[in-house]
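Here is the file upload37.cif (mmCIF, C-alpha atoms).
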```cif
data_target
#
loop_
_atom_site.label_atom_id
_atom_site.label_comp_id
_atom_site.auth_asym_id
_atom_site.auth_seq_id
_atom_site.Cartn_x
_atom_site.Cartn_y
_atom_site.Cartn_z
CA MET A 1 96.96 -115.90 20.15
CA THR A 2 96.81 -112.12 20.17
CA SER A 3 95.94 -110.37 23.36
CA ARG A 4 92.65 -108.68 24.05
CA ALA A 5 94.34 -105.27 24.05
CA GLU A 6 95.75 -105.85 20.57
CA ARG A 7 92.38 -107.00 19.24
CA LEU A 8 90.65 -103.97 20.76
CA THR A 9 93.28 -101.64 19.30
CA ARG A 10 92.72 -103.13 15.84
CA MET A 11 88.95 -102.81 16.27
CA VAL A 12 89.32 -99.15 17.24
CA SER A 13 91.44 -98.48 14.19
CA LEU A 14 88.93 -100.23 11.92
CA MET A 15 86.02 -98.34 13.45
CA LYS A 16 87.88 -95.05 12.96
CA LEU A 17 88.29 -95.89 9.28
CA GLN A 18 84.57 -96.64 9.02
CA LEU A 19 83.83 -93.33 10.74
CA ARG A 20 86.04 -91.47 8.26
CA LEU A 21 84.19 -93.16 5.39
CA SER A 22 80.83 -92.14 6.85
CA GLU A 23 82.05 -88.57 7.28
CA TRP A 24 83.23 -88.53 3.67
CA GLN A 25 79.84 -89.81 2.52
CA LEU A 26 78.16 -87.07 4.53
CA VAL A 27 80.35 -84.44 2.87
CA GLN A 28 79.42 -85.84 -0.54
CA LEU A 29 75.73 -85.65 0.33
CA ARG A 30 76.11 -82.07 1.53
CA GLN A 31 77.87 -81.11 -1.72
CA ARG A 32 75.10 -82.68 -3.83
CA GLU A 33 72.53 -80.93 -1.66
CA GLN A 34 74.28 -77.60 -2.18
CA HIS A 35 74.39 -78.20 -5.94
CA LEU A 36 70.63 -78.83 -6.01
CA GLN A 37 69.97 -75.71 -3.93
CA ASP A 38 72.07 -73.67 -6.36
CA GLU A 39 70.09 -75.11 -9.24
CA GLU A 40 66.82 -74.21 -7.46
CA ILE A 41 68.01 -70.63 -7.05
CA TYR A 42 68.93 -70.45 -10.72
CA LEU A 43 65.56 -71.86 -11.81
CA VAL A 44 63.58 -69.50 -9.58
CA GLY A 45 65.62 -66.59 -10.90
CA THR A 46 64.96 -67.74 -14.45
CA LEU A 47 61.21 -67.96 -13.83
CA ASN A 48 61.18 -64.51 -12.23
CA GLY A 49 63.35 -62.99 -14.96
CA ALA A 50 62.04 -60.90 -17.84
CA GLU A 51 63.17 -63.36 -20.51
CA LEU A 52 63.29 -67.13 -20.51
CA PRO A 53 66.33 -68.92 -21.94
CA VAL A 54 66.04 -69.88 -25.60
CA GLY A 55 64.23 -73.19 -26.05
CA SER A 56 62.72 -73.21 -22.55
CA SER A 57 59.18 -72.60 -21.49
CA SER A 58 57.99 -71.55 -18.08
CA TYR A 59 56.23 -74.92 -17.82
CA SER A 60 59.44 -76.91 -18.46
CA ILE A 61 61.40 -74.75 -16.03
CA SER A 62 58.75 -75.11 -13.33
CA ARG A 63 58.68 -78.90 -13.89
CA ARG A 64 62.48 -78.97 -13.55
CA LEU A 65 62.24 -76.82 -10.41
CA ALA A 66 59.70 -79.23 -8.88
CA ALA A 67 61.92 -82.23 -9.62
CA THR A 68 64.95 -80.43 -8.21
CA SER A 69 63.05 -79.53 -5.03
CA VAL A 70 61.98 -83.13 -4.50
CA GLY A 71 65.56 -84.29 -5.01
CA ALA A 72 66.85 -81.67 -2.58
CA ARG A 73 64.38 -82.77 0.12
CA ALA A 74 65.32 -86.41 -0.39
CA LEU A 75 69.02 -85.54 -0.10
CA GLN A 76 68.34 -83.53 3.07
CA ALA A 77 66.64 -86.55 4.63
CA GLU A 78 69.51 -88.82 3.56
CA ALA A 79 72.08 -86.36 4.92
CA LYS A 80 70.19 -86.16 8.22
CA GLN A 81 70.23 -89.95 8.48
CA GLN A 82 73.93 -90.06 7.58
CA LEU A 83 74.68 -87.42 10.23
CA GLY A 84 72.94 -89.57 12.83
CA GLN A 85 75.03 -92.53 11.71
CA VAL A 86 78.22 -90.48 12.00
CA HIS A 87 77.29 -89.42 15.54
CA ALA A 88 76.49 -93.01 16.55
CA GLN A 89 79.76 -94.31 15.11
CA SER A 90 81.68 -91.55 16.84
CA ARG A 91 80.16 -92.52 20.19
CA ARG A 92 81.00 -96.19 19.60
CA VAL A 93 84.59 -95.32 18.70
CA LYS A 94 85.00 -93.22 21.85
CA HIS A 95 83.52 -95.96 24.01
CA LEU A 96 85.72 -98.65 22.48
CA GLU A 97 88.79 -96.42 22.86
CA GLN A 98 88.01 -96.08 26.58
CA VAL A 99 87.61 -99.84 26.91
CA ALA A 100 90.90 -100.43 25.08
CA LYS A 101 92.70 -97.88 27.29
CA GLY A 102 91.34 -99.63 30.38
CA VAL A 103 92.50 -103.02 29.15
CA ILE A 104 95.94 -101.67 28.27
CA ALA A 105 96.23 -99.96 31.65
CA GLY A 106 95.22 -103.19 33.39
CA LYS A 107 97.80 -105.11 31.42
CA GLN A 108 100.48 -102.58 32.37
CA ARG A 109 99.48 -102.82 36.04
CA GLU A 110 99.74 -106.61 35.88
CA ALA A 111 103.19 -106.38 34.29
CA GLU A 112 104.32 -103.92 36.97
CA MET A 113 102.99 -106.19 39.74
CA ARG A 114 104.82 -109.20 38.29
CA PHE A 115 108.00 -107.14 38.05
CA LEU A 116 107.64 -105.96 41.66
CA GLU A 117 106.96 -109.52 42.81
CA GLU A 118 110.06 -110.72 41.01
CA ILE A 119 112.17 -107.96 42.59
CA THR A 120 110.82 -108.53 46.10
CA GLY A 121 111.15 -112.29 45.64
CA ALA A 122 114.77 -111.87 44.55
CA HIS A 123 115.53 -109.60 47.51
CA SER A 124 113.94 -111.94 50.02
CA GLY A 125 116.02 -114.79 48.55
CA VAL A 126 119.16 -112.69 49.01
CA ARG A 127 118.17 -111.89 52.59
CA ASP A 128 117.56 -115.57 53.31
CA TRP A 129 120.92 -116.49 51.81
CA THR A 130 122.81 -113.82 53.78
CA SER A 131 121.15 -114.84 57.05
CA ILE A 132 122.16 -118.48 56.50
CA SER A 133 125.82 -117.65 55.80
CA SER A 134 126.15 -115.46 58.89
#
```
Please render this file's structure as structure tokens.
Amino acid sequence: MTSRAERLTRMVSLMKLQLRLSEWQLVQLRQREQHLQDEEIYLVGTLNGAELPVGSSSYSISRRLAATSVGARALQAEAKQQLGQVHAQSRRVKHLEQVAKGVIAGKQREAEMRFLEEITGAHSGVRDWTSISS
């Protein structure tokens, strides 16, 4: 059976991968949000311009602007939620890393204590043997 330290280390690595995925998703949301904002700027500029593009009416452009604005607000809300998720995952990863470090340190201390006990036990055996032969 694998040790607790090994299981915790694997969990930390898995959680870090999940965090990276969440960060990537956040970046994708931000890029889509930026694209919609750019489109809003273009549409507002088109409506304020002297001439409308060929085949477009001010009504169709304003309808498109309204739809784009709604989409941008929805993406902002989704990005805000994703950011909260990224922060929560980051805190969980840090906490689990600390727990894993504590377990690993405890395991190392136990190994050092066993080693010291073996050394002191071996030396006391040598002392007992030398006192008998004298």
| request: Decode the PyMOL selection byres ((chain A and resi 21-36) around 10) for the given file into explicit residues and return them as a VMD selection string. | output: chain A and resid 15 to 20 37 to 42 65 68 to 76 78 to 83 85 to 87 89
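The interatomic distance for the pair CA of Met11 (chain A) and CA of Ala88 (chain A) works out to 15.9 Å.
In this model, the gap between CA of Glu97 (chain A) and CA of Ser3 (chain A) comes to 15.7 Å.
One distance worth recording is that between CA of Leu8 (chain A) and CA of Ala100 (chain A), which is 5.6 Å.
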| message | With 6 Å as the threshold, what does the neighbourhood of (61.5, -72.5, -14.1) contain in terms of residues, counting only C-alpha atoms? Coordinates are those of the file; answer as an MDAnalysis selection string. | response | chainID A and resid 43:44 46:47 58 61:62 65
Store the residues of this selection in a file with C-alpha atoms, as an mmCIF file, keeping the file's coordinate frame.
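Just written: out-v2.cif:
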```cif
data_model
loop_
_atom_site.group_PDB
_atom_site.id
_atom_site.type_symbol
_atom_site.label_atom_id
_atom_site.label_comp_id
_atom_site.auth_asym_id
_atom_site.auth_seq_id
_atom_site.Cartn_x
_atom_site.Cartn_y
_atom_site.Cartn_z
ATOM 1 C CA LEU A 43 65.560 -71.860 -11.810
ATOM 2 C CA VAL A 44 63.580 -69.500 -9.580
ATOM 3 C CA THR A 46 64.960 -67.740 -14.450
ATOM 4 C CA LEU A 47 61.210 -67.960 -13.830
ATOM 5 C CA SER A 58 57.990 -71.550 -18.080
ATOM 6 C CA ILE A 61 61.400 -74.750 -16.030
ATOM 7 C CA SER A 62 58.750 -75.110 -13.330
ATOM 8 C CA LEU A 65 62.240 -76.820 -10.410
#
```
Return region 3-16 of chain A, completed with N, CA, C and O atoms, as a PDB file, in the coordinates of the input.
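File rebuild.pdb, as written:
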```pdb
ATOM      1  N   SER A   3      96.547-110.766  22.098  1.00  0.00           N
ATOM      2  CA  SER A   3      95.940-110.370  23.360  1.00  0.00           C
ATOM      3  C   SER A   3      94.684-109.548  23.112  1.00  0.00           C
ATOM      4  O   SER A   3      94.441-109.038  22.016  1.00  0.00           O
ATOM      5  N   ARG A   4      93.904-109.445  24.136  1.00  0.00           N
ATOM      6  CA  ARG A   4      92.650-108.680  24.050  1.00  0.00           C
ATOM      7  C   ARG A   4      92.940-107.218  23.722  1.00  0.00           C
ATOM      8  O   ARG A   4      92.233-106.599  22.939  1.00  0.00           O
ATOM      9  N   ALA A   5      93.987-106.671  24.294  1.00  0.00           N
ATOM     10  CA  ALA A   5      94.340-105.270  24.050  1.00  0.00           C
ATOM     11  C   ALA A   5      94.673-105.046  22.576  1.00  0.00           C
ATOM     12  O   ALA A   5      94.258-104.046  21.989  1.00  0.00           O
ATOM     13  N   GLU A   6      95.400-105.984  21.984  1.00  0.00           N
ATOM     14  CA  GLU A   6      95.750-105.850  20.570  1.00  0.00           C
ATOM     15  C   GLU A   6      94.509-105.942  19.688  1.00  0.00           C
ATOM     16  O   GLU A   6      94.362-105.195  18.718  1.00  0.00           O
ATOM     17  N   ARG A   7      93.614-106.865  20.018  1.00  0.00           N
ATOM     18  CA  ARG A   7      92.380-107.000  19.240  1.00  0.00           C
ATOM     19  C   ARG A   7      91.530-105.730  19.358  1.00  0.00           C
ATOM     20  O   ARG A   7      90.979-105.247  18.362  1.00  0.00           O
ATOM     21  N   LEU A   8      91.429-105.192  20.565  1.00  0.00           N
ATOM     22  CA  LEU A   8      90.650-103.970  20.760  1.00  0.00           C
ATOM     23  C   LEU A   8      91.276-102.792  20.016  1.00  0.00           C
ATOM     24  O   LEU A   8      90.565-101.979  19.420  1.00  0.00           O
ATOM     25  N   THR A   9      92.588-102.711  20.013  1.00  0.00           N
ATOM     26  CA  THR A   9      93.280-101.640  19.300  1.00  0.00           C
ATOM     27  C   THR A   9      92.996-101.733  17.800  1.00  0.00           C
ATOM     28  O   THR A   9      92.734-100.723  17.138  1.00  0.00           O
ATOM     29  N   ARG A  10      93.035-102.950  17.264  1.00  0.00           N
ATOM     30  CA  ARG A  10      92.720-103.130  15.840  1.00  0.00           C
ATOM     31  C   ARG A  10      91.270-102.772  15.545  1.00  0.00           C
ATOM     32  O   ARG A  10      90.961-102.172  14.523  1.00  0.00           O
ATOM     33  N   MET A  11      90.368-103.149  16.460  1.00  0.00           N
ATOM     34  CA  MET A  11      88.950-102.810  16.270  1.00  0.00           C
ATOM     35  C   MET A  11      88.749-101.300  16.269  1.00  0.00           C
ATOM     36  O   MET A  11      87.969-100.771  15.472  1.00  0.00           O
ATOM     37  N   VAL A  12      89.426-100.606  17.178  1.00  0.00           N
ATOM     38  CA  VAL A  12      89.320 -99.150  17.240  1.00  0.00           C
ATOM     39  C   VAL A  12      89.807 -98.541  15.934  1.00  0.00           C
ATOM     40  O   VAL A  12      89.153 -97.664  15.367  1.00  0.00           O
ATOM     41  N   SER A  13      90.911 -99.024  15.430  1.00  0.00           N
ATOM     42  CA  SER A  13      91.440 -98.480  14.190  1.00  0.00           C
ATOM     43  C   SER A  13      90.494 -98.736  13.026  1.00  0.00           C
ATOM     44  O   SER A  13      90.268 -97.863  12.187  1.00  0.00           O
ATOM     45  N   LEU A  14      89.900 -99.914  12.969  1.00  0.00           N
ATOM     46  CA  LEU A  14      88.930-100.230  11.920  1.00  0.00           C
ATOM     47  C   LEU A  14      87.685 -99.351  12.040  1.00  0.00           C
ATOM     48  O   LEU A  14      87.178 -98.832  11.034  1.00  0.00           O
ATOM     49  N   MET A  15      87.210 -99.173  13.244  1.00  0.00           N
ATOM     50  CA  MET A  15      86.020 -98.340  13.450  1.00  0.00           C
ATOM     51  C   MET A  15      86.298 -96.878  13.098  1.00  0.00           C
ATOM     52  O   MET A  15      85.426 -96.183  12.593  1.00  0.00           O
ATOM     53  N   LYS A  16      87.525 -96.423  13.347  1.00  0.00           N
ATOM     54  CA  LYS A  16      87.880 -95.050  12.960  1.00  0.00           C
ATOM     55  C   LYS A  16      87.868 -94.901  11.450  1.00  0.00           C
ATOM     56  O   LYS A  16      87.435 -93.871  10.926  1.00  0.00           O
TER      57      LYS A  16
END
```
